[in-house]
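Trainee: entry31.cif is reproduced in full below (mmCIF, C-alpha atoms).
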data_target
#
loop_
_atom_site.label_atom_id
_atom_site.label_comp_id
_atom_site.auth_asym_id
_atom_site.auth_seq_id
_atom_site.Cartn_x
_atom_site.Cartn_y
_atom_site.Cartn_z
CA ALA A 4 84.00 -112.33 78.59
CA GLN A 5 81.90 -111.26 75.67
CA SER A 6 78.34 -112.14 74.76
CA VAL A 7 75.64 -111.16 72.33
CA THR A 8 71.88 -111.22 72.87
CA GLN A 9 69.43 -110.96 70.03
CA LEU A 10 66.23 -109.85 71.65
CA ASP A 11 63.81 -111.46 69.18
CA SER A 12 64.08 -114.99 67.85
CA HIS A 13 61.44 -114.28 65.18
CA VAL A 14 60.35 -111.06 63.50
CA SER A 15 57.55 -110.83 60.94
CA VAL A 16 56.99 -107.78 58.74
CA SER A 17 55.03 -106.98 55.63
CA GLU A 18 56.81 -106.25 52.39
CA GLY A 19 57.57 -102.54 52.11
CA THR A 20 57.51 -101.88 55.86
CA PRO A 21 60.56 -101.12 58.04
CA VAL A 22 62.70 -103.82 59.60
CA LEU A 23 64.22 -103.64 63.09
CA LEU A 24 66.34 -106.49 64.44
CA ARG A 25 67.63 -105.87 67.95
CA CYS A 26 71.00 -106.80 69.38
CA ASN A 27 72.67 -106.08 72.70
CA TYR A 28 76.26 -106.98 73.45
CA SER A 29 78.43 -107.36 76.48
CA SER A 30 82.17 -106.89 76.24
CA SER A 31 84.94 -105.84 78.55
CA TYR A 32 86.89 -104.37 75.70
CA SER A 33 86.22 -102.24 72.67
CA PRO A 34 84.41 -104.70 70.44
CA SER A 35 84.06 -105.07 66.73
CA LEU A 36 80.48 -105.86 65.81
CA PHE A 37 79.07 -107.52 62.74
CA TRP A 38 75.75 -108.53 61.25
CA TYR A 39 75.66 -111.63 59.09
CA VAL A 40 72.73 -113.09 57.14
CA GLN A 41 72.12 -116.75 56.39
CA HIS A 42 69.69 -117.83 53.72
CA PRO A 43 68.38 -121.41 53.84
CA ASN A 44 71.04 -124.00 53.09
CA LYS A 45 73.63 -121.31 52.53
CA GLY A 46 76.66 -120.04 54.38
CA LEU A 47 76.87 -116.72 56.20
CA GLN A 48 77.13 -113.47 54.30
CA LEU A 49 78.45 -110.28 55.87
CA LEU A 50 75.93 -107.43 55.89
CA LEU A 51 78.00 -104.83 57.70
CA LYS A 52 80.59 -104.30 60.39
CA TYR A 53 81.37 -101.71 63.05
CA THR A 54 84.99 -101.02 63.86
CA SER A 55 84.76 -97.71 65.78
CA ALA A 56 85.20 -95.47 62.75
CA ALA A 57 81.56 -94.30 62.68
CA THR A 58 78.61 -95.18 64.86
CA LEU A 59 76.17 -95.43 61.95
CA VAL A 60 77.24 -98.21 59.64
CA LYS A 61 75.78 -98.78 56.19
CA GLY A 62 75.79 -102.26 54.75
CA ILE A 63 74.64 -104.10 51.70
CA ASN A 64 71.07 -104.36 50.39
CA GLY A 65 69.94 -101.19 52.19
CA PHE A 66 70.67 -102.39 55.72
CA GLU A 67 72.29 -100.22 58.33
CA ALA A 68 73.10 -100.45 62.03
CA GLU A 69 73.83 -97.94 64.75
CA PHE A 70 76.35 -98.56 67.51
CA LYS A 71 75.18 -97.09 70.83
CA LYS A 72 77.80 -97.55 73.51
CA SER A 73 75.62 -96.14 76.29
CA GLU A 74 72.95 -98.74 75.53
CA THR A 75 75.40 -101.49 74.48
CA SER A 76 73.24 -102.00 71.43
CA PHE A 77 73.82 -102.58 67.74
CA HIS A 78 70.37 -102.80 66.15
CA LEU A 79 69.95 -103.58 62.45
CA THR A 80 67.43 -101.64 60.39
CA LYS A 81 66.13 -101.37 56.86
CA PRO A 82 63.57 -98.80 55.71
CA SER A 83 61.60 -101.11 53.44
CA ALA A 84 61.55 -104.92 53.59
CA HIS A 85 61.74 -107.03 50.46
CA MET A 86 60.66 -110.63 50.09
CA SER A 87 64.27 -111.59 49.44
CA ASP A 88 65.23 -110.34 52.92
CA ALA A 89 63.57 -113.38 54.51
CA ALA A 90 66.44 -115.20 56.21
CA GLU A 91 68.17 -115.65 59.55
CA TYR A 92 70.25 -112.77 60.85
CA PHE A 93 73.11 -113.03 63.31
CA CYS A 94 74.64 -110.31 65.43
CA VAL A 95 78.29 -111.09 66.10
CA VAL A 96 80.99 -109.67 68.36
CA SER A 97 84.74 -110.01 68.08
CA LEU A 98 87.38 -108.96 70.56
CA ASN A 99 90.90 -107.75 69.88
CA ALA A 100 92.04 -111.30 70.37
CA GLY A 101 92.05 -112.97 67.05
CA ASN A 102 89.40 -114.43 64.84
CA MET A 103 87.06 -115.77 67.51
CA LEU A 104 83.56 -114.67 66.71
CA THR A 105 80.80 -114.89 69.30
CA PHE A 106 77.35 -115.22 67.72
CA GLY A 107 73.96 -114.20 68.99
CA GLY A 108 71.19 -116.75 68.87
CA GLY A 109 69.85 -115.45 65.58
CA THR A 110 66.66 -113.73 64.48
CA ARG A 111 64.54 -115.29 61.79
CA LEU A 112 63.00 -112.58 59.64
CA MET A 113 59.78 -113.41 57.82
CA VAL A 114 58.44 -111.08 55.14
CA LYS A 115 54.77 -111.28 54.24
CA PRO A 116 53.50 -110.23 50.82
CA LYS B 24 88.10 -114.37 43.36
CA ALA B 25 86.55 -117.68 44.20
CA GLY B 26 84.93 -117.87 47.61
CA VAL B 27 85.54 -120.29 50.44
CA THR B 28 84.84 -123.83 49.37
CA GLN B 29 84.03 -126.78 51.59
CA THR B 30 83.90 -130.46 50.76
CA PRO B 31 81.93 -132.56 50.98
CA ARG B 32 78.69 -130.62 51.27
CA TYR B 33 76.82 -133.49 52.89
CA LEU B 34 77.97 -136.47 54.92
CA ILE B 35 76.20 -139.30 56.69
CA LYS B 36 78.14 -141.30 59.25
CA THR B 37 77.32 -143.68 62.08
CA ARG B 38 78.21 -143.38 65.74
CA GLY B 39 81.79 -144.30 66.54
CA GLN B 40 83.14 -143.49 63.09
CA GLN B 41 85.43 -140.61 62.34
CA VAL B 42 85.09 -137.94 59.69
CA THR B 43 87.32 -135.42 57.93
CA LEU B 44 86.01 -132.19 56.46
CA SER B 45 87.95 -129.96 54.11
CA CYS B 46 88.06 -126.21 53.59
CA SER B 47 89.82 -124.18 50.91
CA PRO B 48 90.08 -120.49 51.82
CA ILE B 49 89.88 -117.52 49.52
CA SER B 50 93.12 -117.15 47.60
CA GLY B 51 95.62 -115.15 49.66
CA HIS B 52 93.82 -115.69 52.96
CA ARG B 53 96.01 -117.30 55.60
CA SER B 54 93.59 -117.63 58.50
CA VAL B 55 90.96 -120.37 58.58
CA SER B 56 88.37 -120.74 61.33
CA TRP B 57 85.83 -123.47 61.95
CA TYR B 58 82.39 -123.17 63.50
CA GLN B 59 79.68 -125.65 64.44
CA GLN B 60 76.04 -124.72 63.94
CA THR B 61 73.27 -126.70 65.65
CA PRO B 62 69.63 -125.82 66.38
CA GLY B 63 70.21 -126.16 70.11
CA GLN B 64 73.57 -124.47 70.61
CA GLY B 65 73.61 -122.09 67.69
CA LEU B 66 76.93 -121.10 66.14
CA GLN B 67 80.00 -121.95 68.18
CA PHE B 68 83.68 -121.36 67.48
CA LEU B 69 85.76 -124.51 67.17
CA PHE B 70 89.29 -123.35 66.31
CA GLU B 71 91.38 -121.09 64.13
CA TYR B 72 94.50 -121.84 62.16
CA PHE B 73 97.05 -119.39 60.84
CA SER B 74 100.24 -120.35 59.03
CA GLU B 75 99.72 -124.01 59.89
CA THR B 76 99.44 -123.29 63.62
CA GLN B 77 96.37 -123.41 65.80
CA ARG B 78 96.01 -119.87 67.10
CA ASN B 79 92.72 -120.09 69.01
CA LYS B 80 90.54 -122.90 70.28
CA GLY B 81 86.96 -123.03 71.45
CA ASN B 82 85.45 -125.14 74.17
CA PHE B 83 85.10 -128.47 72.42
CA PRO B 84 86.38 -131.93 73.43
CA GLY B 85 89.61 -133.32 72.09
CA ARG B 86 87.68 -135.48 69.59
CA PHE B 87 87.57 -132.35 67.47
CA SER B 88 90.88 -131.53 65.85
CA GLY B 89 92.16 -129.72 62.83
CA ARG B 90 95.17 -128.83 60.81
CA GLN B 91 96.26 -126.42 58.15
CA PHE B 92 98.52 -127.06 55.22
CA SER B 93 101.17 -124.83 53.68
CA ASN B 94 98.73 -123.72 50.97
CA SER B 95 96.33 -122.56 53.76
CA ARG B 96 93.80 -125.31 53.07
CA SER B 97 92.44 -126.73 56.29
CA GLU B 98 90.87 -129.94 57.48
CA MET B 99 88.96 -130.72 60.60
CA ASN B 100 88.55 -134.17 62.01
CA VAL B 101 86.00 -135.54 64.42
CA SER B 102 86.75 -138.93 65.93
CA THR B 103 84.38 -141.32 67.67
CA LEU B 104 81.31 -139.58 66.36
CA GLU B 105 78.33 -139.04 68.63
CA LEU B 106 74.73 -138.29 67.69
CA GLY B 107 75.20 -134.77 69.06
CA ASP B 108 77.90 -134.05 66.49
CA SER B 109 75.22 -133.79 63.82
CA ALA B 110 75.53 -130.21 62.68
CA LEU B 111 76.41 -127.79 59.93
CA TYR B 112 80.16 -127.18 60.04
CA LEU B 113 81.17 -123.83 58.64
CA CYS B 114 84.60 -122.72 57.62
CA ALA B 115 85.62 -119.08 57.34
CA SER B 116 88.73 -117.44 55.98
CA SER B 117 90.29 -114.09 56.66
CA SER B 118 93.22 -112.16 55.29
CA THR B 119 94.35 -111.22 58.77
CA ILE B 120 97.93 -111.32 59.77
CA ALA B 121 97.64 -109.92 63.27
CA GLY B 122 94.30 -111.54 64.05
CA HIS B 123 92.69 -108.18 64.65
CA SER B 124 89.06 -108.13 65.65
CA THR B 125 88.19 -105.82 62.75
CA ASP B 126 89.12 -108.43 60.16
CA THR B 127 86.22 -109.74 58.17
CA GLN B 128 85.66 -113.47 57.99
CA TYR B 129 84.20 -114.90 54.82
CA PHE B 130 82.20 -118.07 55.22
CA GLY B 131 81.85 -121.12 53.04
CA PRO B 132 78.53 -122.90 52.40
CA GLY B 133 79.21 -125.49 55.09
CA THR B 134 79.28 -129.27 55.38
CA ARG B 135 76.15 -130.83 56.81
CA LEU B 136 77.10 -133.85 58.90
CA THR B 137 74.45 -136.33 59.99
CA VAL B 138 75.40 -138.96 62.56
CA LEU B 139 73.09 -141.98 62.75
#
Using the file provided, produce a representation of the structure as structure tokens.
Mentor:
Amino acid sequence: AQSVTQLDSHVSVSEGTPVLLRCNYSSSYSPSLFWYVQHPNKGLQLLLKYTSAATLVKGINGFEAEFKKSETSFHLTKPSAHMSDAAEYFCVVSLNAGNMLTFGGGTRLMVKP
Amino acid sequence: KAGVTQTPRYLIKTRGQQVTLSCSPISGHRSVSWYQQTPGQGLQFLFEYFSETQRNKGNFPGRFSGRQFSNSRSEMNVSTLELGDSALYLCASSSTIAGHSTDTQYFGPGTRLTVL
């Protein structure tokens, strides 16, 4: 079985400061891992994905994530938050078993001016 | 390319009714998946269709069903609606053929269903 735990349901940062959204996964197999973002009343947009090619993955809008197998973690970071980054972020795992995504509970990121 | 489109965007139904939601995938994508998003349960996988066949199914009751047409468009149906079916229903498409876990799914804006 696979599962994803996002360690913080809410994160608040000031504009211009770093962002860290934490994610731990559990999987019996070699997983593919994704981060998606959801802005209010919008669908999900892919930020980045890990597929075992490189442990440090760069995504859109300055986000990146590092896959750490020993810690079963896939934390999302950004050096400098922007007001437009305020949204809900989902860490997602997929097994080699078709298009069945398992979502974490989500982290709501708030950015203060 | 146009993105994934879902219709209608909003629906209000009453308990006991049934509802049909529609999803048009990105052109050339043959896999369509459906997800339910609620505040309490989060995002949960409903089912996936590929080449008009259901390839995977989540843990939902039989009231939830779907189908896919030859042009890859998909519909999902919920019969005998319950209050707990109120949710945002998201559709995603993928270009996968083998259903590999590395395939990216592209999501539509969702249909918000309210059951009164």
Trainee: Taking all atoms listed in the file into account, which residues of chain B are within 10 Å of chain A, as a PyMOL selection string?
Mentor: chain B and resi 27+54-58+62-73+78-81+111-117+119-135
Trainee: Excluding Asp11 (chain A) and its own-chain neighbours fewer than 5 positions away, which residues fall within 9 Å of it when counting all atoms listed in the file? Please give them as number ranges by chain.
Mentor: A: 24-26, 109-111
Trainee: Which one is closest to Val7 (chain A): A:His78, A:His85, A:His42, A:Lys115? Count only C-alpha atoms.
Mentor: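 Distance minimum relative to Val7 (chain A) lands on A:His78.
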Trainee: Can you list, as a list in words, the residues that the PyMOL selection byres ((chain A and resi 16) around 10) selects here?
Mentor: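 On this input, the PyMOL selection byres ((chain A and resi 16) around 10) captures Val14, Ser15, Ser17, Glu18, Gly19, Thr20, Pro21, Val22, Leu23, Ser83, Ala84, His85, Met86, Ala89, Leu112, Met113, Val114, Lys115 and Pro116 of chain A.
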Trainee: Take the residues that were just selected and, keeping C-alpha atoms, output them as a compact mmCIF listing (two decimals), in the coordinates of the input.
Mentor:
# COMPACT_ATOMS: atom_id res chain seq x y z
CA VAL A 14 60.35 -111.06 63.50
CA SER A 15 57.55 -110.83 60.94
CA SER A 17 55.03 -106.98 55.63
CA GLU A 18 56.81 -106.25 52.39
CA GLY A 19 57.57 -102.54 52.11
CA THR A 20 57.51 -101.88 55.86
CA PRO A 21 60.56 -101.12 58.04
CA VAL A 22 62.70 -103.82 59.60
CA LEU A 23 64.22 -103.64 63.09
CA SER A 83 61.60 -101.11 53.44
CA ALA A 84 61.55 -104.92 53.59
CA HIS A 85 61.74 -107.03 50.46
CA MET A 86 60.66 -110.63 50.09
CA ALA A 89 63.57 -113.38 54.51
CA LEU A 112 63.00 -112.58 59.64
CA MET A 113 59.78 -113.41 57.82
CA VAL A 114 58.44 -111.08 55.14
CA LYS A 115 54.77 -111.28 54.24
CA PRO A 116 53.50 -110.23 50.82
Trainee: For the file shown, report as a short mmCIF file (atom, residue, chain, number, x, y, z; two decimals) with C-alpha atoms, in the coordinates of the input the outcome of the PyMOL selection byres ((chain B and resi 75) around 7) at residue level.
Mentor:
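Below is the file expr_22.cif, written as the result:
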data_model
loop_
_atom_site.label_atom_id
_atom_site.label_comp_id
_atom_site.auth_asym_id
_atom_site.auth_seq_id
_atom_site.Cartn_x
_atom_site.Cartn_y
_atom_site.Cartn_z
CA TYR B 72 94.50 -121.84 62.16
CA PHE B 73 97.05 -119.39 60.84
CA SER B 74 100.24 -120.35 59.03
CA THR B 76 99.44 -123.29 63.62
CA GLN B 77 96.37 -123.41 65.80
CA ARG B 90 95.17 -128.83 60.81
CA GLN B 91 96.26 -126.42 58.15
CA PHE B 92 98.52 -127.06 55.22
CA SER B 93 101.17 -124.83 53.68
#
Trainee: Calculated over only C-alpha atoms, which of the candidates B:Asn82, B:Ser95, B:Gln29, B:Gln60 has the smallest distance to Cys46 (chain B)?
Mentor: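 The shortest atom-to-atom distance to Cys46 (chain B) comes from B:Gln29.
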Trainee: What is the CA of Gln59 (chain B) to CA of Ser118 (chain B) distance in Å?
Mentor: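 Going from CA of Gln59 (chain B) over to CA of Ser118 (chain B), I get 21.2 Å.
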Trainee: Select, from B:Thr30, B:Thr61, B:Thr137, B:Ser45, the residue with the minimum atom-to-atom distance to Glu98 (chain B), counting only C-alpha atoms.
Mentor: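 Distance minimum relative to Glu98 (chain B) lands on B:Ser45.
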Trainee: Please indicate the distance in Å from CA of Asn94 (chain B) to CA of Ala25 (chain B), rounded to one decimal place.
Mentor: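 Computing it gives 15.2 Å between the two atoms.
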Trainee: Where does the PyMOL selection byres ((chain B and resi 34-41) around 10) land in this file, that is, which residues does it pick, as a list in words?
Mentor: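 On the file shown, the PyMOL selection byres ((chain B and resi 34-41) around 10) covers Thr30, Pro31, Arg32, Tyr33, Val42, Thr43, Leu44, Arg86, Phe87, Asn100, Val101, Ser102, Thr103, Leu104, Glu105, Leu106, Gly107, Asp108, Ser109, Thr134, Arg135, Leu136, Thr137, Val138 and Leu139 of chain B.
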